[in-house]
Amino acid sequence: MQIKTDYFKQTKTQYQASYNAIYKKILKYKRIAVFAHASPDYDALGTQMGLTTWLRDNFPEKEIMALGQNHVVFTPRLYPSLDVVSEEWLKKPFLAIVVDTGNADRVADQRFHYADFVIKIDHHPAVEQYGDLNLVNTSMCATSELIADFIVNCPRKANVLSKEAAVFLYTGIAGDSGRFQYSSTTPHTFMTAAMLMDTGIDLSRDVYLKMYGGTLNDLYVMSYILNHFSVTKNGVAYYVLSDEDLNKLNIPVERGKENVNLFAETDGINAWASITEDRPNKKWRVSLRSKEKSINGVAAHFHGGGHPQASGATLFSLDELPKLIEELDMLFAK
Ligand code: AMP
């Protein structure tokens, strides 16, 4: 095979018209707010803060806000606190850019609906095209990768990419690709990572220690999960953390899913899940992962959705768990 050297060219031809339309809207509005999904993860916050920082660097005359939810662990360790704006701010004309969010209900701050114009930028399968302009590219492993591609293909005068913005985007890519190990990782992903690194990123200090550095308590949590998981006949591994377990382990509900990928590389395990009680909201949060088969169909049966190999869902009672596990298990019945 002939060696290809420019992986950015492919996206340039296919998406340049959308990139130009987005760029024109950015130029048009003096006030821009960037939104992401509720219960944000690395890609949601990495994209949100990466895009916000790039906008601020390149358009210092504009008012740029990042609105939504902070992360329970990674704010402020990795991401700055999101902005707080008054209703007054939102009543004047502004452009909303919503990133990494497949459907409108999942946007963390529903006031994006107040915007004059909404741009959706995402890499999830398009469940709902809620934007006035929608850019969806499911070939990108992370929305951060898509935003980086947009930035690379912007006119030269907006090509400033600070190390700060690049670190945020890098965390989104590292998070959603499982540090470049999932099949969603492509040559374009590596090209993007290289381009971001070129801003002067020290991977260990600026990125990985902040993302994955842990405590002794994290080891206890892991050991608890390894002692309490179940596996079905057809290779579905799962663990359940009740509110009592969370208290005992001294972790908040948001961290329940953190160990779901402990099962990712085990022979005979086809899919894996974490089920965490969110007692204040009277529900159980489910994170589903799979090696090959799509599990987002099952997630959709349980108030969820997401990617073929990484989805989220909700149970409103633990009585629904056997049905969820059975549906997952049946996917792998021979
Ligand atoms: P999680 O297990 O929460 O890390 O989610 C895995 C993937 O599924 C992420 O890309 C989420 O954005 C997506 N996801 C999680 N919950 C939902 C949902 N209720 N609807 C649509 N997508 C979801």
# chains A, B, ... in the order shown; residues from 1 in each chain; ligands from 1
>>> select_by_dssp(residues="segment 124-324 of chain A", states="alpha helix (DSSP H)", output="PyMOL selection string")
chain A and resi 143-152+163-176+187-197+209-212+216-228+243-249+296-301+321-324
>>> residues_around(residues="Ile295 of chain A", least_positions_apart="2", cutoff="8 Å", atoms="only C-alpha atoms", output="list in words")
Leu288, Arg289, Ser290, Lys293, Gly297, Val298, Ala299, His307, Pro308, Gln309, Ala310, Ser311 and Leu328 of chain A
>>> write_last_selection(atoms="C-alpha atoms", output="compact mmCIF listing (two decimals), in the first residue's frame")
# COMPACT_ATOMS: atom_id res chain seq x y z
CA LEU A 288 -22.43 -0.67 29.02
CA ARG A 289 -19.39 -1.70 26.99
CA SER A 290 -18.80 -4.41 24.43
CA LYS A 293 -21.41 -6.49 19.05
CA GLY A 297 -29.87 -1.14 20.95
CA VAL A 298 -30.14 -2.70 24.41
CA ALA A 299 -29.29 0.67 25.98
CA HIS A 307 -22.10 4.25 20.70
CA PRO A 308 -22.21 0.66 19.44
CA GLN A 309 -19.47 -0.38 21.90
CA ALA A 310 -20.01 2.17 24.68
CA SER A 311 -23.44 3.19 25.85
CA LEU A 328 -27.30 -8.40 26.94
>>> residues_near_ligand(ligand="ligand 1", cutoff="8 Å", atoms="only C-alpha atoms and all ligand atoms", output="PyMOL selection string")
chain A and resi 37+39-41+44+100-103+106+124+176+257+285-289+299-300+303-307+310-314
>>> write_last_selection(atoms="C-alpha atoms", output="compact mmCIF listing (two decimals), in the first residue's frame")
# COMPACT_ATOMS: atom_id res chain seq x y z
CA HIS A 37 -23.92 16.77 27.97
CA SER A 39 -22.72 13.91 33.71
CA PRO A 40 -19.83 15.04 31.52
CA ASP A 41 -16.90 12.75 30.78
CA ALA A 44 -17.57 16.25 26.86
CA ASP A 100 -20.69 15.64 22.17
CA THR A 101 -24.42 15.33 22.83
CA GLY A 102 -26.65 13.08 20.70
CA ASN A 103 -30.03 14.36 21.85
CA ARG A 106 -29.04 15.29 27.47
CA HIS A 124 -22.37 9.89 18.39
CA ASP A 176 -12.93 8.25 24.43
CA LYS A 257 -18.61 3.44 36.40
CA ARG A 285 -26.94 4.51 36.29
CA VAL A 286 -25.80 1.90 33.81
CA SER A 287 -22.62 1.95 31.74
CA LEU A 288 -22.43 -0.67 29.02
CA ARG A 289 -19.39 -1.70 26.99
CA ALA A 299 -29.29 0.67 25.98
CA ALA A 300 -32.16 2.24 24.03
CA HIS A 303 -33.79 4.87 28.55
CA GLY A 304 -30.30 5.19 27.11
CA GLY A 305 -28.18 5.17 24.03
CA GLY A 306 -24.67 5.94 22.89
CA HIS A 307 -22.10 4.25 20.70
CA ALA A 310 -20.01 2.17 24.68
CA SER A 311 -23.44 3.19 25.85
CA GLY A 312 -25.27 4.43 28.91
CA ALA A 313 -28.72 3.58 30.26
CA THR A 314 -30.94 4.07 33.31
>>> residues_around(residues="Glu327 of chain A", least_positions_apart="3", cutoff="12 Å", atoms="only C-alpha atoms", output="number ranges by chain")
A: 232, 234, 236, 271, 295-302, 320-324, 330-333
>>> atom_distance(atom1="atom CA of Ile119 of chain A", atom2="atom CA of Ala96 of chain A")
6.2 Å
>>> select_by_dssp(residues="segment 64-203 of chain A", states="strand (DSSP E)", output="PyMOL selection string")
chain A and resi 64-67+95-99+117-122+133-136
>>> closest_residue(among="A:Val72, A:Thr171, A:Asp83, A:Tyr238", to="Ile251 of chain A", atoms="only C-alpha atoms")
A:Val72
>>> atom_distance(atom1="atom CA of Tyr19 of chain A", atom2="atom CA of Asn134 of chain A")
10.5 Å
>>> atom_distance(atom1="atom CA of Asn159 of chain A", atom2="atom CA of Thr199 of chain A")
12.2 Å
>>> residues_around(residues="segment 181-183 of chain A", least_positions_apart="6", cutoff="10 Å", atoms="only C-alpha atoms", output="JSON, numbers by chain")
{"A": [141, 174, 291, 292, 309]}
>>> closest_residue(among="A:Asp218, A:Asp267, A:Asp57, A:Glu254", to="Leu161 of chain A", atoms="only C-alpha atoms")
A:Asp57
>>> residues_around(residues="Val207 of chain A", least_positions_apart="6", cutoff="12 Å", atoms="only C-alpha atoms", output="ChimeraX atom specification")
/A:42,46,74,77-79,163-164,166-175,179,196-197,200-201,213
>>> residues_around(residues="Asp278 of chain A", least_positions_apart="5", cutoff="9 Å", atoms="only C-alpha atoms", output="PDB file with C-alpha atoms, in the first residue's frame")
ATOM      1  CA  SER A 242     -25.619   0.316  45.818  1.00  0.00           C
ATOM      2  CA  ASP A 243     -25.741   3.572  47.718  1.00  0.00           C
ATOM      3  CA  VAL A 253     -22.157   8.065  42.314  1.00  0.00           C
ATOM      4  CA  GLU A 254     -20.356   9.601  39.326  1.00  0.00           C
ATOM      5  CA  LYS A 283     -32.417   5.603  39.683  1.00  0.00           C
ATOM      6  CA  TRP A 284     -29.528   3.312  38.793  1.00  0.00           C
ATOM      7  CA  ARG A 285     -26.938   4.510  36.285  1.00  0.00           C
TER       8      ARG A 285
END
>>> closest_atom_pairs(of="segment 123-177 of chain A", to="segment 184-190 of chain A", cutoff="10 Å", atoms="only C-alpha atoms", output="CSV")
residue,atom,partner,partner_atom,distance
A:Thr138,CA,A:Ser184,CA,9.3
A:Ser139,CA,A:Ser184,CA,7.4
A:Met140,CA,A:Ser184,CA,7.3
A:Cys141,CA,A:Ser184,CA,5.0
A:Ala142,CA,A:Ser184,CA,8.6
A:Ser144,CA,A:Thr189,CA,9.9
A:Glu145,CA,A:Thr189,CA,6.7
A:Leu146,CA,A:Thr189,CA,9.4
A:Ala148,CA,A:Thr189,CA,9.9
A:Asp149,CA,A:His188,CA,9.1
A:Ile173,CA,A:Thr189,CA,7.8
A:Ala174,CA,A:Thr189,CA,9.6
A:Asp176,CA,A:Ser184,CA,8.7
A:Ser177,CA,A:Thr185,CA,6.0
>>> write_last_selection(atoms="all heavy atoms", output="CSV table (one decimal), in the first residue's frame")
chain,number,residue,atom,x,y,z
A,138,THR,N,-19.3,10.3,12.8
A,138,THR,CA,-19.2,9.1,13.6
A,138,THR,C,-17.8,8.4,13.4
A,138,THR,O,-17.5,7.5,14.1
A,138,THR,CB,-20.3,8.1,13.5
A,138,THR,OG1,-20.4,7.8,12.1
A,138,THR,CG2,-21.6,8.6,14.0
A,139,SER,N,-17.1,8.8,12.4
A,139,SER,CA,-15.8,8.2,12.1
A,139,SER,C,-14.7,8.7,13.1
A,139,SER,O,-13.6,8.2,13.2
A,139,SER,CB,-15.3,8.3,10.7
A,139,SER,OG,-14.9,9.6,10.5
A,140,MET,N,-15.1,9.8,13.8
A,140,MET,CA,-14.1,10.4,14.8
A,140,MET,C,-14.3,9.6,16.1
A,140,MET,O,-15.4,9.4,16.6
A,140,MET,CB,-14.4,11.8,15.0
A,140,MET,CG,-14.3,12.7,13.8
A,140,MET,SD,-12.6,13.0,13.5
A,140,MET,CE,-12.6,13.5,11.8
A,141,CYS,N,-13.1,9.2,16.7
A,141,CYS,CA,-13.2,8.5,18.0
A,141,CYS,C,-13.7,9.4,19.1
A,141,CYS,O,-14.2,8.9,20.1
A,141,CYS,CB,-11.9,7.8,18.3
A,141,CYS,SG,-10.8,8.9,19.1
A,142,ALA,N,-13.6,10.7,19.0
A,142,ALA,CA,-14.0,11.6,20.0
A,142,ALA,C,-14.5,12.9,19.4
A,142,ALA,O,-14.0,13.2,18.3
A,142,ALA,CB,-12.8,11.9,21.0
A,144,SER,N,-13.6,15.6,20.5
A,144,SER,CA,-12.4,16.4,20.5
A,144,SER,C,-11.6,16.3,19.3
A,144,SER,O,-11.0,17.2,18.8
A,144,SER,CB,-11.5,16.0,21.7
A,144,SER,OG,-12.1,16.5,22.9
A,145,GLU,N,-11.6,15.1,18.7
A,145,GLU,CA,-10.9,14.8,17.5
A,145,GLU,C,-11.5,15.6,16.3
A,145,GLU,O,-10.9,16.2,15.5
A,145,GLU,CB,-10.9,13.3,17.2
A,145,GLU,CG,-10.1,13.0,15.9
A,145,GLU,CD,-10.1,11.5,15.6
A,145,GLU,OE1,-10.6,10.7,16.4
A,145,GLU,OE2,-9.7,11.1,14.5
A,146,LEU,N,-12.9,15.6,16.4
A,146,LEU,CA,-13.6,16.4,15.3
A,146,LEU,C,-13.4,17.9,15.4
A,146,LEU,O,-13.1,18.6,14.4
A,146,LEU,CB,-15.1,16.0,15.5
A,146,LEU,CG,-16.1,16.7,14.6
A,146,LEU,CD1,-15.7,16.6,13.1
A,146,LEU,CD2,-17.5,16.1,14.8
A,148,ALA,N,-10.7,19.3,16.7
A,148,ALA,CA,-9.3,19.5,16.3
A,148,ALA,C,-9.3,19.6,14.8
A,148,ALA,O,-8.6,20.4,14.2
A,148,ALA,CB,-8.4,18.4,16.8
A,149,ASP,N,-10.0,18.7,14.1
A,149,ASP,CA,-10.1,18.7,12.7
A,149,ASP,C,-10.7,20.0,12.1
A,149,ASP,O,-10.2,20.5,11.1
A,149,ASP,CB,-10.9,17.5,12.2
A,149,ASP,CG,-10.7,17.2,10.7
A,149,ASP,OD1,-9.6,16.6,10.4
A,149,ASP,OD2,-11.5,17.6,9.9
A,173,ILE,N,-9.7,13.0,23.5
A,173,ILE,CA,-9.4,11.9,22.6
A,173,ILE,C,-8.9,10.7,23.4
A,173,ILE,O,-9.3,9.6,23.2
A,173,ILE,CB,-8.3,12.4,21.6
A,173,ILE,CG1,-8.9,13.4,20.7
A,173,ILE,CG2,-7.7,11.2,20.8
A,173,ILE,CD1,-7.9,14.1,19.7
A,174,ALA,N,-8.0,11.0,24.4
A,174,ALA,CA,-7.4,9.9,25.2
A,174,ALA,C,-8.6,9.2,25.9
A,174,ALA,O,-8.6,8.0,26.0
A,174,ALA,CB,-6.4,10.4,26.1
A,176,ASP,N,-12.0,9.0,25.2
A,176,ASP,CA,-12.9,8.2,24.4
A,176,ASP,C,-12.3,7.1,23.6
A,176,ASP,O,-13.0,6.2,23.2
A,176,ASP,CB,-13.7,9.2,23.5
A,176,ASP,CG,-15.1,9.5,24.0
A,176,ASP,OD1,-15.3,9.4,25.3
A,176,ASP,OD2,-16.0,9.8,23.2
A,177,SER,N,-11.0,7.2,23.4
A,177,SER,CA,-10.3,6.1,22.7
A,177,SER,C,-9.7,5.1,23.7
A,177,SER,O,-9.1,4.1,23.3
A,177,SER,CB,-9.2,6.6,21.8
A,177,SER,OG,-8.2,7.1,22.6
>>> closest_residue(among="A:Leu219, A:Val84, A:Ala158, A:Ile32", to="Asn58 of chain A", atoms="only C-alpha atoms")
A:Ala158
>>> closest_residue(among="A:Phe229, A:Tyr130, A:Phe94, A:Tyr15", to="Asp116 of chain A", atoms="only C-alpha atoms")
A:Phe94
